[in-house]
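S.K.: Input upload.txt, format and content: compact mmCIF, C-alpha atoms.
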```
# COMPACT_ATOMS: atom_id res chain seq x y z
CA MET E 1 5.99 87.97 -31.60
CA THR E 2 4.63 88.10 -28.05
CA SER E 3 3.71 85.04 -26.06
CA VAL E 4 0.30 83.73 -25.14
CA SER E 5 -0.88 85.68 -22.13
CA PRO E 6 -1.15 83.66 -18.91
CA ASN E 7 -4.44 85.39 -18.17
CA PRO E 8 -7.14 82.70 -18.51
CA SER E 9 -9.58 85.19 -20.01
CA SER E 10 -7.21 86.20 -22.83
CA ASN E 11 -6.91 84.66 -26.27
CA PRO E 12 -3.73 83.23 -27.77
CA THR E 13 -1.49 85.54 -29.73
CA PRO E 14 -3.04 86.01 -33.19
CA ASN E 15 -1.16 84.59 -36.13
CA PRO E 16 -0.73 87.60 -38.43
CA SER E 17 -0.29 85.58 -41.62
CA PRO E 18 -1.74 82.40 -43.18
CA ALA E 19 1.61 80.68 -42.63
CA PRO E 20 3.14 81.28 -39.18
CA PRO E 21 6.44 83.17 -39.46
CA ILE E 22 9.84 81.87 -38.46
CA TRP E 23 11.35 84.28 -35.93
CA ASN E 24 14.84 85.60 -36.66
CA ALA E 25 15.89 85.26 -33.01
CA PRO E 26 13.37 83.08 -31.14
CA PRO E 27 13.92 82.38 -27.45
CA THR E 28 15.78 79.21 -26.65
CA ALA E 29 14.14 76.43 -24.71
CA ARG E 30 16.07 75.41 -21.60
CA ARG E 31 18.43 72.45 -21.80
CA GLY E 32 18.87 71.85 -18.08
CA GLY E 33 16.73 68.73 -18.13
CA LEU E 34 18.83 67.08 -20.83
CA VAL E 35 22.10 67.91 -19.05
CA PHE E 36 20.69 66.55 -15.80
CA ALA E 37 19.55 63.37 -17.55
CA ILE E 38 22.95 62.75 -19.13
CA ILE E 39 24.71 63.18 -15.78
CA GLY E 40 22.03 61.13 -14.02
CA ILE E 41 22.20 58.31 -16.57
CA VAL E 42 25.98 58.10 -16.24
CA VAL E 43 25.85 58.06 -12.43
CA ALA E 44 22.97 55.57 -12.36
CA GLY E 45 24.83 53.38 -14.86
CA LEU E 46 27.88 53.29 -12.62
CA VAL E 47 25.71 52.41 -9.62
CA GLY E 48 24.08 49.74 -11.77
CA LEU E 49 27.46 48.12 -12.40
CA LEU E 50 28.00 47.91 -8.65
CA VAL E 51 24.56 46.33 -8.20
CA VAL E 52 25.30 43.78 -10.95
CA ALA E 53 28.62 42.95 -9.30
CA TYR E 54 26.85 42.48 -5.96
CA LEU E 55 24.23 40.17 -7.49
CA ALA E 56 26.84 38.20 -9.42
CA SER E 57 28.91 37.65 -6.27
CA GLY E 58 25.89 36.46 -4.32
CA LEU E 59 24.12 34.38 -6.97
CA GLY E 60 26.84 33.41 -9.41
CA VAL E 61 26.95 34.51 -13.04
CA PRO E 62 24.91 31.60 -14.55
CA THR E 63 22.12 32.01 -11.98
CA LEU E 64 22.18 35.79 -12.48
CA LEU E 65 21.76 35.35 -16.25
CA ILE E 66 18.81 32.97 -15.82
CA GLY E 67 17.14 35.30 -13.35
CA SER E 68 17.70 38.26 -15.65
CA LEU E 69 16.16 36.49 -18.65
CA LEU E 70 13.07 35.53 -16.66
CA ALA E 71 12.79 39.06 -15.22
CA LEU E 72 12.51 40.43 -18.77
CA VAL E 73 9.02 38.89 -19.06
CA PRO E 74 7.24 41.01 -16.39
CA LEU E 75 9.41 43.98 -17.42
CA ALA E 76 8.11 43.73 -20.99
CA LEU E 77 4.50 43.63 -19.74
CA VAL E 78 5.01 46.75 -17.63
CA LEU E 79 6.86 48.70 -20.32
CA LEU E 80 4.15 47.90 -22.89
CA ALA E 81 1.56 49.29 -20.47
CA VAL E 82 3.70 52.39 -19.86
CA ARG E 83 4.02 52.90 -23.62
CA TRP E 84 0.23 52.78 -23.97
CA VAL E 85 -0.26 55.34 -21.21
CA ASP E 86 2.46 57.57 -22.69
CA ARG E 87 1.22 57.54 -26.29
CA TRP E 88 -0.82 60.75 -26.14
CA GLU E 89 1.97 63.06 -24.96
CA PRO E 90 5.20 61.04 -25.13
CA GLU E 91 7.86 61.90 -22.60
CA PRO E 92 11.45 62.43 -23.80
CA ARG E 93 13.44 59.23 -24.08
CA TRP E 94 16.32 60.59 -22.01
CA ALA E 95 13.98 61.25 -19.10
CA LEU E 96 12.52 57.75 -19.34
CA TRP E 97 16.00 56.19 -19.45
CA PHE E 98 16.97 58.12 -16.35
CA ALA E 99 13.76 56.99 -14.63
CA PHE E 100 14.38 53.33 -15.48
CA LEU E 101 18.02 53.38 -14.40
CA TRP E 102 17.16 55.22 -11.20
CA GLY E 103 14.72 52.46 -10.32
CA ALA E 104 16.88 49.55 -11.47
CA ALA E 105 20.14 50.78 -9.94
CA VAL E 106 20.01 53.73 -7.53
CA SER E 107 16.76 52.78 -5.75
CA VAL E 108 17.92 49.19 -5.37
CA ALA E 109 21.31 50.34 -4.07
CA ILE E 110 19.65 52.58 -1.49
CA ALA E 111 17.42 49.72 -0.32
CA LEU E 112 20.40 47.34 -0.07
CA VAL E 113 22.56 49.83 1.83
CA VAL E 114 19.79 50.65 4.30
CA ASP E 115 19.05 46.96 4.83
CA LEU E 116 22.74 46.24 5.46
CA GLY E 117 22.98 49.19 7.85
CA LEU E 118 19.99 48.01 9.86
CA GLN E 119 21.35 44.47 10.05
CA LEU E 120 24.71 45.73 11.30
CA ALA E 121 23.00 47.99 13.84
CA MET E 122 20.89 45.08 15.11
CA ALA E 123 23.91 42.78 15.30
CA PHE E 124 25.78 45.42 17.30
CA ALA E 125 22.83 46.06 19.63
CA GLU E 126 21.92 42.40 20.07
CA PRO E 127 24.67 39.95 19.11
CA GLY E 128 23.21 36.88 17.50
CA GLY E 129 19.84 38.54 16.92
CA THR E 130 18.03 38.13 13.61
CA PRO E 131 15.79 40.68 11.89
CA ASP E 132 12.03 40.22 12.08
CA GLU E 133 11.13 39.28 8.49
CA ALA E 134 7.50 40.32 8.87
CA LEU E 135 8.56 43.72 10.21
CA GLN E 136 10.97 44.11 7.33
CA ALA E 137 8.27 43.28 4.78
CA VAL E 138 5.51 45.48 6.22
CA VAL E 139 7.48 48.45 7.58
CA GLN E 140 11.07 48.65 6.38
CA ALA E 141 10.59 47.69 2.72
CA PRO E 142 7.60 49.97 2.04
CA ILE E 143 9.21 53.03 3.63
CA VAL E 144 12.73 52.64 2.23
CA GLU E 145 11.80 51.41 -1.24
CA GLU E 146 9.01 53.91 -1.88
CA LEU E 147 11.13 56.80 -0.63
CA ALA E 148 14.02 55.71 -2.87
CA LYS E 149 11.79 55.40 -5.92
CA GLY E 150 9.85 58.56 -5.17
CA ILE E 151 13.01 60.67 -4.97
CA GLY E 152 13.74 59.68 -8.57
CA VAL E 153 10.34 60.96 -9.74
CA LEU E 154 10.81 64.15 -7.74
CA LEU E 155 14.22 64.73 -9.36
CA ILE E 156 12.68 64.42 -12.82
CA PHE E 157 10.09 67.03 -11.88
CA ALA E 158 12.77 69.35 -10.50
CA PHE E 159 15.07 69.19 -13.51
CA SER E 160 12.59 68.59 -16.34
CA ARG E 161 9.69 70.82 -15.34
CA SER E 162 8.68 71.60 -18.94
CA HIS E 163 8.04 67.88 -19.54
CA PHE E 164 6.09 67.31 -16.31
CA ASP E 165 2.63 68.76 -16.94
CA GLY E 166 0.23 66.71 -14.86
CA PRO E 167 -0.83 63.40 -13.30
CA VAL E 168 -0.34 61.29 -16.43
CA ASP E 169 3.28 62.43 -16.73
CA GLY E 170 3.78 61.60 -13.05
CA LEU E 171 2.23 58.18 -13.63
CA VAL E 172 4.51 57.48 -16.60
CA TYR E 173 7.70 58.46 -14.78
CA ALA E 174 6.68 56.64 -11.58
CA ALA E 175 5.78 53.49 -13.51
CA THR E 176 9.12 53.58 -15.34
CA VAL E 177 11.06 53.97 -12.08
CA ALA E 178 9.02 51.15 -10.55
CA ALA E 179 9.58 48.94 -13.62
CA GLY E 180 13.33 49.32 -13.19
CA PHE E 181 13.18 48.54 -9.48
CA ALA E 182 10.93 45.51 -9.99
CA PHE E 183 13.25 44.18 -12.71
CA THR E 184 16.30 44.13 -10.45
CA GLU E 185 14.29 42.83 -7.50
CA ASN E 186 12.89 40.04 -9.68
CA VAL E 187 16.41 39.11 -10.80
CA LEU E 188 17.34 38.76 -7.12
CA TYR E 189 14.23 36.76 -6.19
CA PHE E 190 14.38 34.46 -9.24
CA GLY E 191 18.09 33.85 -8.75
CA ALA E 192 17.67 33.13 -5.05
CA ALA E 193 14.75 30.75 -5.75
CA LEU E 194 16.82 28.81 -8.28
CA ALA E 195 19.85 28.66 -5.99
CA GLU E 196 17.90 27.58 -2.90
CA GLY E 197 15.10 25.38 -4.26
CA GLY E 198 15.87 24.51 -7.84
CA ALA E 199 13.62 24.72 -10.87
CA GLU E 200 10.39 23.95 -8.95
CA THR E 201 10.84 26.83 -6.52
CA LEU E 202 11.90 29.10 -9.36
CA GLY E 203 8.75 28.22 -11.30
CA ALA E 204 6.48 29.01 -8.36
CA THR E 205 8.29 32.31 -7.70
CA PHE E 206 8.04 33.27 -11.36
CA VAL E 207 4.29 32.64 -11.42
CA VAL E 208 3.68 34.70 -8.26
CA ARG E 209 5.95 37.63 -9.09
CA GLY E 210 6.21 37.54 -12.88
CA LEU E 211 2.65 36.64 -13.87
CA PHE E 212 0.35 37.35 -10.90
CA SER E 213 1.84 40.65 -9.75
CA PRO E 214 4.07 42.27 -12.40
CA PHE E 215 2.43 45.65 -11.75
CA ALA E 216 2.74 45.63 -7.96
CA HIS E 217 5.56 48.18 -7.69
CA VAL E 218 3.94 50.27 -10.42
CA LEU E 219 0.76 50.54 -8.36
CA PHE E 220 2.68 51.60 -5.25
CA THR E 221 4.90 54.24 -6.83
CA ALA E 222 2.04 55.49 -9.01
CA CYS E 223 0.61 57.12 -5.88
CA THR E 224 3.75 59.27 -5.59
CA GLY E 225 3.86 60.09 -9.30
CA LEU E 226 0.18 61.03 -9.49
CA ALA E 227 0.53 63.30 -6.46
CA ILE E 228 3.57 65.09 -7.91
CA GLY E 229 1.66 65.44 -11.17
CA ILE E 230 -1.26 67.06 -9.37
CA GLY E 231 1.17 69.48 -7.75
CA ALA E 232 2.66 70.24 -11.18
CA ARG E 233 -0.80 70.86 -12.65
CA ARG E 234 -1.57 73.28 -9.81
CA GLY E 235 1.46 75.41 -10.63
CA GLY E 236 4.44 73.56 -9.16
CA GLY E 237 6.74 75.40 -6.76
CA ALA E 238 7.47 74.45 -3.18
CA GLY E 239 3.93 73.10 -2.78
CA VAL E 240 4.94 70.05 -4.82
CA ILE E 241 6.90 68.80 -1.79
CA GLY E 242 3.65 68.57 0.15
CA TRP E 243 2.02 66.63 -2.69
CA PHE E 244 5.09 64.40 -2.87
CA LEU E 245 4.83 63.55 0.84
CA LEU E 246 1.10 62.88 0.49
CA GLY E 247 1.67 60.57 -2.46
CA LEU E 248 4.57 58.89 -0.68
CA LEU E 249 2.31 58.14 2.27
CA GLY E 250 -0.20 56.49 -0.07
CA ALA E 251 2.55 54.48 -1.75
CA VAL E 252 3.95 53.27 1.58
CA LEU E 253 0.52 52.27 2.89
CA LEU E 254 -0.41 50.43 -0.31
CA HIS E 255 2.96 48.67 -0.35
CA ALA E 256 2.54 47.69 3.30
CA LEU E 257 -0.97 46.39 2.62
CA TRP E 258 0.30 44.30 -0.29
CA ASN E 259 3.22 42.82 1.64
CA GLY E 260 1.12 42.32 4.74
CA SER E 261 -1.53 40.43 2.81
CA LEU E 262 1.13 38.03 1.58
CA ALA E 263 2.86 37.72 4.97
CA PHE E 264 -0.11 37.28 7.29
CA ALA E 265 -3.07 36.08 5.23
CA ASP E 266 -4.19 32.46 5.67
CA ASP E 267 -5.75 32.48 2.19
CA ALA E 268 -3.27 34.48 0.12
CA ILE E 269 -4.92 33.56 -3.19
CA GLY E 270 -8.39 34.56 -1.97
CA LEU E 271 -7.06 37.84 -0.63
CA TYR E 272 -5.25 38.44 -3.93
CA PHE E 273 -8.50 38.29 -5.88
CA THR E 274 -10.61 40.18 -3.33
CA VAL E 275 -8.17 43.00 -2.49
CA GLN E 276 -5.28 43.24 -4.91
CA VAL E 277 -7.16 42.62 -8.15
CA PRO E 278 -9.79 45.31 -7.38
CA ILE E 279 -6.96 47.77 -6.64
CA PHE E 280 -5.42 46.93 -10.01
CA ILE E 281 -8.75 47.37 -11.82
CA ALA E 282 -9.29 50.73 -10.09
CA ALA E 283 -5.83 51.81 -11.24
CA ILE E 284 -6.70 50.90 -14.84
CA LEU E 285 -9.94 52.88 -14.70
CA LEU E 286 -8.15 55.89 -13.23
CA THR E 287 -5.53 55.72 -15.97
CA VAL E 288 -8.22 55.65 -18.68
CA LEU E 289 -9.95 58.67 -17.14
CA LEU E 290 -6.66 60.59 -16.97
CA ARG E 291 -5.91 59.74 -20.59
CA ARG E 292 -9.30 61.09 -21.66
CA GLN E 293 -8.69 64.25 -19.66
CA GLU E 294 -5.42 64.74 -21.55
CA GLU E 295 -7.29 64.47 -24.84
CA ARG E 296 -9.86 67.06 -23.73
CA VAL E 297 -7.13 69.48 -22.61
CA THR E 298 -5.27 69.07 -25.90
CA ARG E 299 -8.37 69.73 -27.97
CA ALA E 300 -9.44 72.75 -25.93
CA ARG E 301 -6.04 74.42 -25.98
CA LEU E 302 -5.30 73.74 -29.65
CA ALA E 303 -8.75 75.08 -30.52
CA GLU E 304 -7.71 78.35 -28.89
CA TYR E 305 -4.63 78.50 -31.07
CA GLY E 306 -6.84 77.62 -34.02
CA ALA E 307 -9.15 80.54 -33.25
CA ALA E 308 -6.09 82.80 -33.36
CA GLY E 309 -5.06 81.47 -36.77
CA TRP E 310 -2.26 79.09 -35.87
CA PHE E 311 -4.18 75.95 -36.89
CA SER E 312 -7.08 75.29 -39.23
CA PRO E 313 -10.15 73.49 -37.80
CA ALA E 314 -9.11 70.38 -39.74
CA GLU E 315 -5.63 70.51 -38.19
CA VAL E 316 -7.07 70.79 -34.68
CA GLU E 317 -9.19 67.71 -35.39
CA MET E 318 -6.14 65.92 -36.81
CA LEU E 319 -3.88 66.73 -33.86
CA ALA E 320 -6.30 66.49 -30.95
CA THR E 321 -8.30 63.31 -31.58
CA GLN E 322 -7.35 59.64 -31.76
CA ALA E 323 -9.14 59.19 -35.09
CA GLY E 324 -7.48 62.28 -36.55
CA ARG E 325 -4.03 61.10 -35.49
CA ARG E 326 -4.58 57.67 -37.03
CA GLN E 327 -5.61 59.25 -40.32
CA ALA E 328 -2.64 61.65 -40.20
CA ARG E 329 -0.16 58.83 -39.64
CA ALA E 330 -1.77 56.78 -42.43
CA TRP E 331 -1.47 59.75 -44.81
CA ALA E 332 2.19 60.25 -43.83
CA ARG E 333 2.97 56.56 -44.44
CA ALA E 334 1.42 56.75 -47.91
CA GLN E 335 3.69 59.60 -49.04
CA THR E 336 6.80 59.06 -51.14
CA PRO E 337 9.10 59.01 -49.31
CA PRO E 338 7.13 58.21 -46.12
CA ARG E 339 6.86 61.12 -43.68
CA THR E 340 5.71 59.21 -40.61
CA ALA E 341 8.51 60.46 -38.36
CA ILE E 342 7.79 64.09 -39.27
CA MET E 343 4.06 63.64 -38.62
CA ARG E 344 4.78 62.08 -35.25
CA ARG E 345 7.03 64.99 -34.39
CA LEU E 346 4.32 67.48 -35.37
CA ILE E 347 1.77 65.66 -33.22
CA ALA E 348 4.17 65.55 -30.26
CA ASP E 349 5.12 69.24 -30.56
CA ALA E 350 1.49 70.33 -30.90
CA THR E 351 0.47 68.27 -27.87
CA HIS E 352 3.32 69.69 -25.81
CA LEU E 353 2.27 73.16 -26.96
CA ALA E 354 -1.26 72.52 -25.71
CA PHE E 355 -0.03 71.53 -22.26
CA THR E 356 2.37 74.46 -22.16
CA ARG E 357 -0.60 76.76 -22.71
CA GLN E 358 -2.41 74.90 -19.95
CA ARG E 359 0.47 75.82 -17.65
CA LEU E 360 0.24 79.42 -18.81
CA LEU E 361 -3.46 79.48 -18.00
CA SER E 362 -2.72 78.35 -14.46
CA GLY E 363 -1.17 81.78 -13.81
CA ARG E 364 1.57 80.11 -11.71
CA SER E 365 3.83 78.82 -14.45
CA GLY E 366 6.59 81.46 -14.37
CA PRO E 367 8.38 83.05 -17.33
CA GLN E 368 9.85 79.77 -18.58
CA ALA E 369 6.48 78.61 -19.90
CA ALA E 370 6.36 81.59 -22.27
CA VAL E 371 9.85 80.71 -23.52
CA ASP E 372 8.76 77.11 -24.05
CA GLU E 373 5.67 78.31 -25.91
CA HIS E 374 7.72 80.38 -28.35
CA ALA E 375 10.05 77.45 -29.03
CA LEU E 376 7.14 75.06 -29.56
CA LEU E 377 5.33 77.42 -31.93
CA GLN E 378 8.52 77.61 -33.94
CA ALA E 379 8.82 73.81 -33.86
CA VAL E 380 5.25 73.40 -35.12
CA VAL E 381 5.96 75.84 -37.96
CA ALA E 382 9.10 73.93 -38.93
CA ASP E 383 7.32 70.55 -38.68
CA ARG E 384 4.50 71.73 -40.94
CA ALA E 385 6.91 73.21 -43.48
CA GLU E 386 8.95 69.99 -43.61
CA LEU E 387 5.83 67.84 -43.83
CA LEU E 388 4.45 69.76 -46.82
CA ARG E 389 7.78 70.19 -48.61
```
Show me, as structure tokens, the structure contained in the file I just sent.
M.R.:
Amino acid sequence: MTSVSPNPSSNPTPNPSPAPPIWNAPPTARRGGLVFAIIGIVVAGLVGLLVVAYLASGLGVPTLLIGSLLALVPLALVLLAVRWVDRWEPEPRWALWFAFLWGAAVSVAIALVVDLGLQLAMAFAEPGGTPDEALQAVVQAPIVEELAKGIGVLLIFAFSRSHFDGPVDGLVYAATVAAGFAFTENVLYFGAALAEGGAETLGATFVVRGLFSPFAHVLFTACTGLAIGIGARRGGGAGVIGWFLLGLLGAVLLHALWNGSLAFADDAIGLYFTVQVPIFIAAILLTVLLRRQEERVTRARLAEYGAAGWFSPAEVEMLATQAGRRQARAWARAQTPPRTAIMRRLIADATHLAFTRQRLLSGRSGPQAAVDEHALLQAVVADRAELLR
């Protein structure tokens, strides 16, 4: 069986029989992303242990535990939002775990090491001198933290290209990295507030960071993720570095604006509602538009496979619309035994197939996309057979 031609004017490979065949020797999808994630998760976990040890030594174990429990509240809010964004074409769990651990451990470690290095350099250059806190907040933190987080998203693109199809994927990975970073940073801030000012200071810090601005880091790093996703949609390759740098610039500027508004504004609350809230609302609207674009791409590409005989019109409607997916999951739950997991797998494989064809249509996807297409067609065949068994 030949692959779908990358020529945009061509049609998908026709299905020669009512039931798609199982190939005797289908091509194998690449496993590099999974191997990278396993290695990355182990390394990030080890770095995380060092970060925990550092926080425990500075805050004390009881204070660290209290800060960690409170930091779970904004983390839960962010992860629920990420789950909503990621529902249409879910990213692999191993990639999301790597993204979270990179943010929570490696990015934080990089920021801490750079901060320590700068303090030592300043102490050596000017004995007794103290860092300018405003300069740290508006210049150092945005540059170092966004670069550290952005590298994690770029690594996911480099080693898991087949799961990085466009801006929404970039947003999901960037938000997950940012969620990890914000969690550890919140543990540090909550613990320091409790240690220095007691419960009252901790309460005020929790309201500002945990309730008023839980999505701050997500908004910053989203600029980098969206830009990498645009580069991926345009064919990937070395040009993604340019998109990464462009997105990184946006992330740094937005981060600097946010920190600057808190550091220099006379009316921080007024500025929060007039500047930061509109930015958050704009981000929500952009996310909704990107989600709808994903749905349109899925429907258009699966319809092409349907025209070639791989799916019936009813199956395209079932797999490519929100209403169809709800009905499909309800049908699967009603079966004896329930087949919800199989239906979810079919939906995920079909959606990934649609975006793989989208990469093929770009004409800049390389031979790996054709290999991925073969493997996904086989997966869809197997899912359907298991579902109807």
S.K.: Could you please determine the separation between CA of Gly170 in chain E and CA of Leu226 in chain E in Å, to one decimal place?
M.R.: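 So the two atoms, CA of Gly170 in chain E and CA of Leu226 in chain E, lie 5.1 Å apart.
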S.K.: Env of Ile241 in chain E: 12 Å cut, atoms = all atoms listed in the file, seq-sep filter 2 positions within chain, self excluded. Answer as a PyMOL selection string.
M.R.: chain E and resi 150-151+153-155+157-158+224-225+227-232+236-239+243-248
S.K.: With C-alpha atoms retained, could you export that selection as a PDB file, in the frame of the given file?
M.R.:
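Result file is part.pdb:
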```
ATOM      1  CA  GLY E 150       9.850  58.560  -5.170  1.00  0.00           C
ATOM      2  CA  ILE E 151      13.010  60.670  -4.970  1.00  0.00           C
ATOM      3  CA  VAL E 153      10.340  60.960  -9.740  1.00  0.00           C
ATOM      4  CA  LEU E 154      10.810  64.150  -7.740  1.00  0.00           C
ATOM      5  CA  LEU E 155      14.220  64.730  -9.360  1.00  0.00           C
ATOM      6  CA  PHE E 157      10.090  67.030 -11.880  1.00  0.00           C
ATOM      7  CA  ALA E 158      12.770  69.350 -10.500  1.00  0.00           C
ATOM      8  CA  THR E 224       3.750  59.270  -5.590  1.00  0.00           C
ATOM      9  CA  GLY E 225       3.860  60.090  -9.300  1.00  0.00           C
ATOM     10  CA  ALA E 227       0.530  63.300  -6.460  1.00  0.00           C
ATOM     11  CA  ILE E 228       3.570  65.090  -7.910  1.00  0.00           C
ATOM     12  CA  GLY E 229       1.660  65.440 -11.170  1.00  0.00           C
ATOM     13  CA  ILE E 230      -1.260  67.060  -9.370  1.00  0.00           C
ATOM     14  CA  GLY E 231       1.170  69.480  -7.750  1.00  0.00           C
ATOM     15  CA  ALA E 232       2.660  70.240 -11.180  1.00  0.00           C
ATOM     16  CA  GLY E 236       4.440  73.560  -9.160  1.00  0.00           C
ATOM     17  CA  GLY E 237       6.740  75.400  -6.760  1.00  0.00           C
ATOM     18  CA  ALA E 238       7.470  74.450  -3.180  1.00  0.00           C
ATOM     19  CA  GLY E 239       3.930  73.100  -2.780  1.00  0.00           C
ATOM     20  CA  TRP E 243       2.020  66.630  -2.690  1.00  0.00           C
ATOM     21  CA  PHE E 244       5.090  64.400  -2.870  1.00  0.00           C
ATOM     22  CA  LEU E 245       4.830  63.550   0.840  1.00  0.00           C
ATOM     23  CA  LEU E 246       1.100  62.880   0.490  1.00  0.00           C
ATOM     24  CA  GLY E 247       1.670  60.570  -2.460  1.00  0.00           C
ATOM     25  CA  LEU E 248       4.570  58.890  -0.680  1.00  0.00           C
TER      26      LEU E 248
END
```
S.K.: What does the structure give for the distance between CA of Leu289 in chain E and CA of Ala320 in chain E, in Å to one decimal?
M.R.: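 Between CA of Leu289 in chain E and CA of Ala320 in chain E the gap is 16.3 Å.
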S.K.: Can you work out which one of E:Ala71, E:Leu286, E:Leu188, E:Ala330 has the shortest atom-to-atom distance to Ser57 in chain E, counting all atoms listed in the file?
M.R.: E:Leu188
S.K.: Using all atoms listed in the file, which of E:Asn259, E:Leu96, E:Asp165, E:Ala303 sits nearest Ala141 in chain E?
M.R.: E:Asn259
S.K.: Find the distance between CA of His255 in chain E and CA of Pro142 in chain E and write it in Å to one decimal.
M.R.: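 CA of His255 in chain E sits 5.4 Å away from CA of Pro142 in chain E.
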S.K.: Mind checking which residues fall within 12 Å of Val43 in chain E, counting all atoms listed in the file, ignoring those fewer than 3 positions away in the same chain, and posting them as a list in words?
M.R.: Phe36, Ala37, Ile38, Ile39, Gly40, Leu46, Val47, Gly48, Leu49, Leu50, Phe98, Leu101, Trp102, Ala105 and Val106 of chain E
S.K.: Nearest to Glu185 in chain E among E:Gln335, E:Ser107, E:Gln140, E:Gln327, with distances taken over all atoms listed in the file: which residue is it?
M.R.: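 Counting all atoms listed in the file, the residue closest to Glu185 in chain E is E:Ser107.
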S.K.: I need the residue nearest Thr356 in chain E from this list: E:Trp310, E:Phe181, E:Phe215, E:Phe164. Use all atoms listed in the file for the distance.
M.R.: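 Closest to Thr356 in chain E of all the choices is E:Phe164.
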S.K.: Fewer than 4 positions away in the same chain doesn't count, so skip those; otherwise give me all residues within 10 Å of Ser213 in chain E, counting all atoms listed in the file, as a ChimeraX atom specification.
M.R.: /E:74,206-209,217-218,272,276-277,280
S.K.: Produce a file of the selected residues containing C-alpha atoms, as an mmCIF file, in the frame of the given file.
M.R.:
```cif
data_model
loop_
_atom_site.group_PDB
_atom_site.id
_atom_site.type_symbol
_atom_site.label_atom_id
_atom_site.label_comp_id
_atom_site.auth_asym_id
_atom_site.auth_seq_id
_atom_site.Cartn_x
_atom_site.Cartn_y
_atom_site.Cartn_z
ATOM 1 C CA PRO E 74 7.240 41.010 -16.390
ATOM 2 C CA PHE E 206 8.040 33.270 -11.360
ATOM 3 C CA VAL E 207 4.290 32.640 -11.420
ATOM 4 C CA VAL E 208 3.680 34.700 -8.260
ATOM 5 C CA ARG E 209 5.950 37.630 -9.090
ATOM 6 C CA HIS E 217 5.560 48.180 -7.690
ATOM 7 C CA VAL E 218 3.940 50.270 -10.420
ATOM 8 C CA TYR E 272 -5.250 38.440 -3.930
ATOM 9 C CA GLN E 276 -5.280 43.240 -4.910
ATOM 10 C CA VAL E 277 -7.160 42.620 -8.150
ATOM 11 C CA PHE E 280 -5.420 46.930 -10.010
#
```
S.K.: Which residue, E:Lys149, E:His163, E:Arg291, E:Arg329, has the smallest gap to Asp86 in chain E when you use only C-alpha atoms?
M.R.: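 Among the listed residues, the smallest separation from Asp86 in chain E belongs to E:Arg291.
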S.K.: Taking all atoms listed in the file into account, which of E:Ser362, E:Asn186, E:Thr351, E:Ser160 comes nearest Pro90 in chain E?
M.R.: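 Ranking E:Ser362, E:Asn186, E:Thr351, E:Ser160 by distance to Pro90 in chain E, first place goes to E:Thr351.
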S.K.: Name all residues at most 10 Å from range 311-319 of chain E (count all atoms listed in the file; drop same-chain ones fewer than 4 positions away) and give them as number ranges by chain.
M.R.: E: 15, 18-20, 295, 298-307, 323-329, 343-344, 346-351, 380
S.K.: Could I get range 161-169 of chain E rebuilt with N, CA, C and O atoms, written as a short mmCIF file (atom, residue, chain, number, x, y, z; two decimals), keeping the file's coordinate frame?
M.R.:
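In the end it all went to selection_35.cif:
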```
data_model
loop_
_atom_site.label_atom_id
_atom_site.label_comp_id
_atom_site.auth_asym_id
_atom_site.auth_seq_id
_atom_site.Cartn_x
_atom_site.Cartn_y
_atom_site.Cartn_z
N ARG E 161 11.03 70.28 -15.63
CA ARG E 161 9.69 70.82 -15.34
C ARG E 161 8.85 70.98 -16.60
O ARG E 161 7.64 70.76 -16.57
N SER E 162 9.45 71.35 -17.72
CA SER E 162 8.68 71.60 -18.94
C SER E 162 8.09 70.32 -19.51
O SER E 162 7.20 70.37 -20.36
N HIS E 163 8.57 69.16 -19.07
CA HIS E 163 8.04 67.88 -19.54
C HIS E 163 7.20 67.19 -18.47
O HIS E 163 6.88 66.01 -18.62
N PHE E 164 6.85 67.90 -17.43
CA PHE E 164 6.09 67.31 -16.31
C PHE E 164 4.85 68.18 -16.12
O PHE E 164 4.83 69.10 -15.32
N ASP E 165 3.79 67.88 -16.88
CA ASP E 165 2.63 68.76 -16.94
C ASP E 165 1.48 68.37 -16.02
O ASP E 165 0.64 69.20 -15.72
N GLY E 166 1.39 67.11 -15.64
CA GLY E 166 0.23 66.71 -14.86
C GLY E 166 0.31 65.27 -14.39
O GLY E 166 1.36 64.61 -14.47
N PRO E 167 -0.81 64.73 -13.90
CA PRO E 167 -0.83 63.40 -13.30
C PRO E 167 -0.39 62.28 -14.23
O PRO E 167 0.26 61.33 -13.79
N VAL E 168 -0.74 62.37 -15.52
CA VAL E 168 -0.34 61.29 -16.43
C VAL E 168 1.18 61.24 -16.58
O VAL E 168 1.78 60.16 -16.59
N ASP E 169 1.82 62.42 -16.67
CA ASP E 169 3.28 62.43 -16.73
C ASP E 169 3.87 61.82 -15.46
O ASP E 169 4.83 61.04 -15.52
#
```
